[in-house]
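Enquirer: One structure follows; several queries about it will come next.
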Amino acid sequence: MKSRIPVVLLACGSFNPITNMHLRLFEVARDHLHKTAVPELKLLCGADVLKTFQTPNLWKDAHIQEIVEKFGLVCVGRAGHDAERYILGLPILQKYQHNIHLAREPVQNEISATYIRRALSQGQSVKYLLPDAVIAYIKDHNLYTKDSSWKDNNT
Amino acid sequence: MENSEKTELVLLACGSFNPITNMHLRLFELAKDYMNGTGKYKVIKGIISPVGDAYKKKGLISAHHRVFMAQLATKNSEWVEVDTWESLQKEWVETAKVLRHHQEKLEASSCGNEQGSPVLERPGRKRKWAEQRQDFSQKKSLEPKTKGVPKVKLLCGADLLESFGVPNLWKSEDITQIVRDYGLICITRAGNDAQKFIYESDVLWKYQNNIHLVNEWITNDISSTKIRQALRRGQSIRYLVPDLVQEYIEKHDLYTSESEERNVGVILAPLQRNMAEANS
């Protein structure tokens with residue numbers, strides 16, 4: 001029996017708002033890691049974030065290096081995104097690809113926060129896409145309404 | 001359109017719910033937003049009607065559990081509830097019959113209200129009703145008695161719509177009855193495929209105005225089959241089903257390799273019945 005090394009998954013992001021899909025990332029990553037023995041702190045993200053490493057001036061090169069070299073990435077697949085291609089497309093990712101774990105989400109789940117914000121501003125239901133407590137909070141604080149300053153620009 | 005002129009709707013979803021998932025629950029929310037958004041309807045209730053064990057589908061666990069999970073799932077819903085009538089019948093019940101059962105139930109309780117029993121929404125409504133009866137006593141037949149009875153519509157995904165094409169799964173007169181007398185609200189990702197399917201069927205084409213296609217922009221592939229598979233593989237189903245459902249499944253170890261083998265080799269009830277009738 002392999003010795004269990006504690007792992008902490010860290011997810012950074014707008015969470016604007018948090019959705020069930022964000023929460024799924026943790027579950028899928030954990031299932032994946034329980035099959036492989038991986039140590040320490042890892043950055044958890046979706047494949048869409050992996051793509052952003054290519055965007056000029058969005059990430060400092062030194063930081064990307066540090067993330068993949070020192071910590072490691074757990075990347076959960078997403079429809080329309082080819083994670084393997086993103087890795088091959090960036091030399092620094094290719095170099096440390098052994099430290100990038102691609103986890104497959106068995107259930108395709110495209111609950112984008114962008115859609116949620118749009119649905120909310122149009123008064124449509126988002127029940128069962130986010131935890132109930134989050135929906136209640138959004139309602140109580142009048143977030144993401146039509147008048148809200150968080151307008152949807154091109155993401 | 002004033003609220004009093006809108007047709008009240010009850011959305012009925014039939015299925016195995018083996019188990020119920022967040023996707024099933026989303027169907028109701030999407031349908032309600034869409035139908036209310038047309039301005040012609042007011043959705044007043046959603047009903048989940050789990051199929052009885054006599055359906056004999058592979059992997060179908062006991063109705064008792066499926067009903068209970070659906071109840072857990074709708075605990076926090078203000079308008080969606082679970083109905084056990086279908087699941088309690090000894091023999092499998094055709095969907096058209098389930099629709100009819102619920103429509104008749106609505107008509108029965110609605111008649112009770114017409115006879116002046118004080119179940120009124122707002123005081124203003126009573127006055128309006130009384131005024132109408134005074135002024136237009138001769139027009140009694142035109143009074144909104146039929147409009148006052150909510151209409152039941154079948155809520156489903158595109159898979160059910162396309163299952164109309166499976167030989168012997170549905171009686172053709174049942175399909176006609178469903179689309180002609182009740183109506184379908186079909187939540188689909190691939191609107192074009194569903195429209196094509198309607199186009200290619202004479203009966204669906206004839207009653208296309210009674211088939212409402214609602215687009216689901218969020219790809220939500222949370223099928224019960226995948227849930228059961230994930231459970232067999234020890235994978236997490238959290239956030240795919242309501243937390244209470246996930247806890248219940250875990251507590252009772254409901255879905256295993258053994259449970260998936262239930263009804264293997266047994267012919268599905270509708271196929272059995274329709275083929276038998278065809279041969280008689």
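Lettering and numbering for the structure tokens are positional, with chains as A, B, ... in the shown order, residues counted from 1 in each chain, and ligands counted from 1 in the shown order.
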Considering only C-alpha atoms, extract the chain A residues located within 9 Å of chain B and return them as a ChimeraX atom specification.
Expert: /A:20-21,23-24,27-28,30-32,106-112,115,123-132
Enquirer: From segment 46-277 of chain B, collect each residue whose DSSP state is helix (DSSP H, G or I) and return the set as an NGL selection string.
Expert: :B and (53-55 or 63-73 or 85-88 or 95-114 or 123-135 or 137-142 or 145-148 or 158-163 or 172-182 or 191-199 or 202-206 or 208-210 or 224-232 or 243-252 or 257-260 or 269-277)
Enquirer: Can you list every residue in segment 40-152 of chain A that DSSP puts in strand (DSSP E), as number ranges by chain?
Expert: A: 40-46, 73-76, 100-103
Enquirer: Take the residues from that selection and write them out as a compact mmCIF listing (two decimals), in the first residue's frame, keeping N, CA, C and O atoms.
Expert:
```txt
# COMPACT_ATOMS: atom_id res chain seq x y z
N GLU A 40 2.50 17.41 -1.77
CA GLU A 40 2.46 18.86 -1.54
C GLU A 40 1.28 19.64 -2.11
O GLU A 40 0.21 19.13 -2.33
N LEU A 41 1.59 20.90 -2.37
CA LEU A 41 0.56 21.87 -2.75
C LEU A 41 0.50 21.97 -4.27
O LEU A 41 1.52 22.16 -4.92
N LYS A 42 -0.67 21.84 -4.82
CA LYS A 42 -0.80 21.91 -6.26
C LYS A 42 -1.84 22.93 -6.65
O LYS A 42 -2.82 23.14 -5.93
N LEU A 43 -1.60 23.55 -7.81
CA LEU A 43 -2.58 24.50 -8.31
C LEU A 43 -3.65 23.74 -9.10
O LEU A 43 -3.34 22.98 -10.01
N LEU A 44 -4.89 23.96 -8.70
CA LEU A 44 -6.00 23.28 -9.36
C LEU A 44 -6.65 24.24 -10.34
O LEU A 44 -6.93 25.39 -10.00
N CYS A 45 -6.90 23.78 -11.54
CA CYS A 45 -7.54 24.67 -12.50
C CYS A 45 -8.24 23.88 -13.58
O CYS A 45 -8.07 22.67 -13.71
N GLY A 46 -9.03 24.58 -14.37
CA GLY A 46 -9.66 23.98 -15.54
C GLY A 46 -8.73 24.18 -16.73
O GLY A 46 -7.79 24.97 -16.69
N LEU A 73 0.65 21.23 -11.24
CA LEU A 73 -0.69 21.66 -11.67
C LEU A 73 -1.59 20.43 -11.74
O LEU A 73 -1.17 19.37 -12.19
N VAL A 74 -2.81 20.58 -11.28
CA VAL A 74 -3.82 19.57 -11.57
C VAL A 74 -4.86 20.25 -12.44
O VAL A 74 -5.51 21.21 -12.00
N CYS A 75 -4.99 19.78 -13.65
CA CYS A 75 -5.85 20.46 -14.62
C CYS A 75 -7.01 19.55 -15.01
O CYS A 75 -6.80 18.44 -15.47
N VAL A 76 -8.23 20.03 -14.79
CA VAL A 76 -9.42 19.25 -15.12
C VAL A 76 -9.90 19.63 -16.52
O VAL A 76 -10.06 20.81 -16.82
N ILE A 100 2.37 18.17 -14.55
CA ILE A 100 1.02 18.65 -14.87
C ILE A 100 0.12 17.43 -15.00
O ILE A 100 0.30 16.60 -15.88
N HIS A 101 -0.81 17.31 -14.08
CA HIS A 101 -1.68 16.14 -14.06
C HIS A 101 -3.01 16.50 -14.71
O HIS A 101 -3.67 17.43 -14.28
N LEU A 102 -3.35 15.76 -15.76
CA LEU A 102 -4.61 16.03 -16.45
C LEU A 102 -5.67 15.06 -15.93
O LEU A 102 -5.54 13.86 -16.07
N ALA A 103 -6.67 15.62 -15.30
CA ALA A 103 -7.74 14.79 -14.75
C ALA A 103 -8.96 14.89 -15.66
O ALA A 103 -9.32 15.97 -16.12
```
Enquirer: Write out as number ranges by chain the residues lying within 8 Å of segment 186-194 of chain B, counting only C-alpha atoms and excluding same-chain residues fewer than 3 positions away.
Expert: B: 27, 30-31, 155-158, 161-162, 197-198, 211-217, 219
Enquirer: Calculated over only C-alpha atoms, which of the candidates A:Tyr137, A:Trp59, A:Phe71, A:Tyr96 has the smallest distance to Leu9 of chain A?
Expert: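 Using only C-alpha atoms, the shortest distance to Leu9 of chain A belongs to A:Phe71.
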Enquirer: I'd like the contact shell of Gln122 of chain A - 10 Å cut-off, only C-alpha atoms, skipping same-chain residues fewer than 6 positions apart - returned as number ranges by chain.
Expert: A: 116, 144-146
Enquirer: Please provide as a list in words all residues within 10 Å of Gln177 of chain B, with the sequence filter that same-chain residues fewer than 5 positions apart are discarded (counting only C-alpha atoms).
Expert: Ala96, Lys97, Leu99, Arg100, Lys171, Ser172, Tyr182, Gly183 and Val203 of chain B
Enquirer: What separation in Å, quoted to one decimal, exists between atom CA of Glu105 of chain A and atom CA of Phe53 of chain A?
Expert: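 Spanning atom CA of Glu105 of chain A to atom CA of Phe53 of chain A is a straight-line distance of 21.3 Å.
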Enquirer: Gln97 of chain A: which residues within 10 Å, counting only C-alpha atoms, same-chain residues fewer than 4 positions away excluded, as a list in words?
Expert: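 Near Gln97 of chain A, the qualifying residues are Val68, Glu69, Gly72, Leu73, Glu84, Ile87, Leu88, Pro91, Ile92, Leu93, His101 and Leu102 of chain A.
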Enquirer: Applying 10 Å and only C-alpha atoms, which residues near segment 101-108 of chain B remain after dropping the ones on its own chain fewer than 2 positions away? List them as number ranges by chain.
Expert: B: 10, 12, 47, 83, 85-86, 95-99, 110-113, 146, 148-153, 182
Enquirer: Expressed in Å to a single decimal, how great is the separation between atom CA of Thr225 of chain B and atom CA of Arg262 of chain B?
Expert: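 A separation of 13.8 Å between them.
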Enquirer: Please measure the separation of atom CA of Ile185 of chain B and atom CA of Asn209 of chain B, giving the value in Å to one decimal.
Expert: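 Going from atom CA of Ile185 of chain B over to atom CA of Asn209 of chain B, I get 10.8 Å.
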Enquirer: Between B:Gly39, B:Gly59, B:Pro19, B:Gly265, single out the one closest to Thr7 of chain B, counting only C-alpha atoms.
Expert: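 Ranking B:Gly39, B:Gly59, B:Pro19, B:Gly265 by distance to Thr7 of chain B, first place goes to B:Gly39.
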